[in-house]
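To keep things clear, I will list the structure first and then write my remarks on it.
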Amino acid sequence: IFSICNYGHVLVADTFGNKTVSIMESCGRNAIVTCADLSLELEQLAVAGQRGVHLWQNLSQGKFGVISRNEAGTDGDNPRQSSPVVLVRYLASMRWILTVHKDDGELCLWDARSLELHKCLKTEGCPYATSAFLDSSRHTVFVFGPSCVASLHLEEQALQQVWNDKDDRKKVEWKTWSKQPTETQASSERERSKRATVVTSWQ
């Protein structure tokens with residue numbers, strides 16, 4: 001039985017209720033957990049907070065490392081701050097860790113063993129991500145934005161070939177569903193437009 005609280009206290013117990021693992025502040029001191037994932041094959045736990053994704057070994061309860069966009073900034077002198085993580089998942093092969101970040105709905109692919117950043121990709125038409133979901137059976141990640149949902153196929157072999165290509169933006173195909181305004185919303189928008197026109201005419 002695996003459980004984790006907002007402030008990162010991890011507890012793992014067997015089916016008899018005996019505590020087997022206890023990790024305090026798993027995502028850093030005074031940090032709040034945004035998401036987490038567990039790899040039974042690697043015996044590893046990934047906990048995401050404001051300061052990146054912290055990786056822990058389940059049995060030894062020791063920290064394996066931290067992956068964060070501020071470590072992978074393009075400007076070494078002024079690395080950008082880590083964008084909040086809305087999704088962290090080990091892919092099926094356990095070779096890669098996928099993170100989806102709030103800013104631009106950015107997807108990052110990390111090497112699960114070396115923790116090196118392999119590639120980043122921004123979600124089309126998504127200024128910021130509110131949440132994300134990985135459908136492992138269909139190898140598809142869904143990124144939810146303020147007014148749209150975008151999906152990307154994540155077949156690992158094909159994905160690696162595409163993301164290794166220098167001109168990958170043309171080869172990566174996003175599917176996007178935009179939020180359509182209801183009749184009430186459209187009517188309200190027209191009314192606001194009329195009021196704005198009237199105010200402008202008085203100026």
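Letters A, B, ... go to the chains of the structure tokens in the order shown; residues in each chain start at 1; ligands are counted from 1 in the same order.
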task: Fewer than 2 positions away in the same chain doesn't count, so skip those; otherwise give me all residues within 9 Å of A:Lys102, counting only C-alpha atoms, as a ChimeraX atom specification.
output: /A:83-86,100,104-106,127-131
Given only C-alpha atoms, how would the per-residue table for stretch 76-143 of chain A near stretch 42-58 of chain A read, listing every residue at most 12 Å away with its closest atom pair and distance in Å to one decimal, sorted by chain and number, as a tab-separated table?
residue	atom	partner	partner_atom	distance
A:Arg80	CA	A:Arg51	CA	11.9
A:Gln81	CA	A:Arg51	CA	8.6
A:Ser82	CA	A:Arg51	CA	6.4
A:Ser83	CA	A:Gln50	CA	7.5
A:Pro84	CA	A:Gln50	CA	5.6
A:Val85	CA	A:Ala48	CA	6.3
A:Val86	CA	A:Ala48	CA	8.2
A:Leu87	CA	A:Ala48	CA	8.1
A:Val88	CA	A:Ala48	CA	7.1
A:Arg89	CA	A:Ala46	CA	8.1
A:Tyr90	CA	A:Ala46	CA	8.6
A:Leu91	CA	A:Leu42	CA	11.7
A:Ala92	CA	A:Leu42	CA	11.5
A:Ser93	CA	A:Leu42	CA	10.6
A:Met94	CA	A:Leu42	CA	7.4
A:Arg95	CA	A:Leu42	CA	9.6
A:Trp96	CA	A:Leu42	CA	11.4
A:Ile97	CA	A:Ala46	CA	9.1
A:Leu98	CA	A:Val53	CA	10.7
A:Thr99	CA	A:Val53	CA	8.7
A:Val100	CA	A:Ala48	CA	10.6
A:His101	CA	A:Gly52	CA	10.0
A:Lys102	CA	A:Gln50	CA	11.1
A:Cys108	CA	A:Val53	CA	11.8
A:Trp110	CA	A:Val53	CA	10.9
A:Ala112	CA	A:Leu42	CA	9.1
A:Arg113	CA	A:Leu42	CA	9.4
A:Ser114	CA	A:Leu55	CA	11.8
A:Leu115	CA	A:Leu55	CA	9.6
- prompt: How many Å separate atom CA of A:His153 from atom CA of A:Ser178?
  reply: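 Between these atoms lies a distance of 18.2 Å.
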task: Would you mind telling me which residue in A:Ala13, A:Leu59, A:Leu154, A:Ile67 lies nearest to A:Leu40 when using only C-alpha atoms?
output: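 Among the listed residues, the smallest separation from A:Leu40 belongs to A:Leu59.
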message: Between A:Trp177, A:Ile1, A:Ala36, A:Glu41, which residue has the minimum interatomic distance to A:Ser22, considering only C-alpha atoms?
response: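 Of A:Trp177, A:Ile1, A:Ala36, A:Glu41, the one nearest A:Ser22, counting only C-alpha atoms, is A:Ile1.
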- request: Write out as JSON, numbers by chain all residues of stretch 9-111 of chain A that DSSP puts in strand (DSSP E) for this structure's backbone.
  value: {"A": [10, 11, 12, 13, 19, 20, 21, 22, 23, 35, 36, 37, 38, 39, 44, 45, 46, 47, 48, 49, 52, 53, 54, 55, 56, 57, 63, 64, 65, 66, 67, 85, 86, 87, 88, 89, 90, 96, 97, 98, 99, 100, 101, 107, 108, 109, 110, 111]}
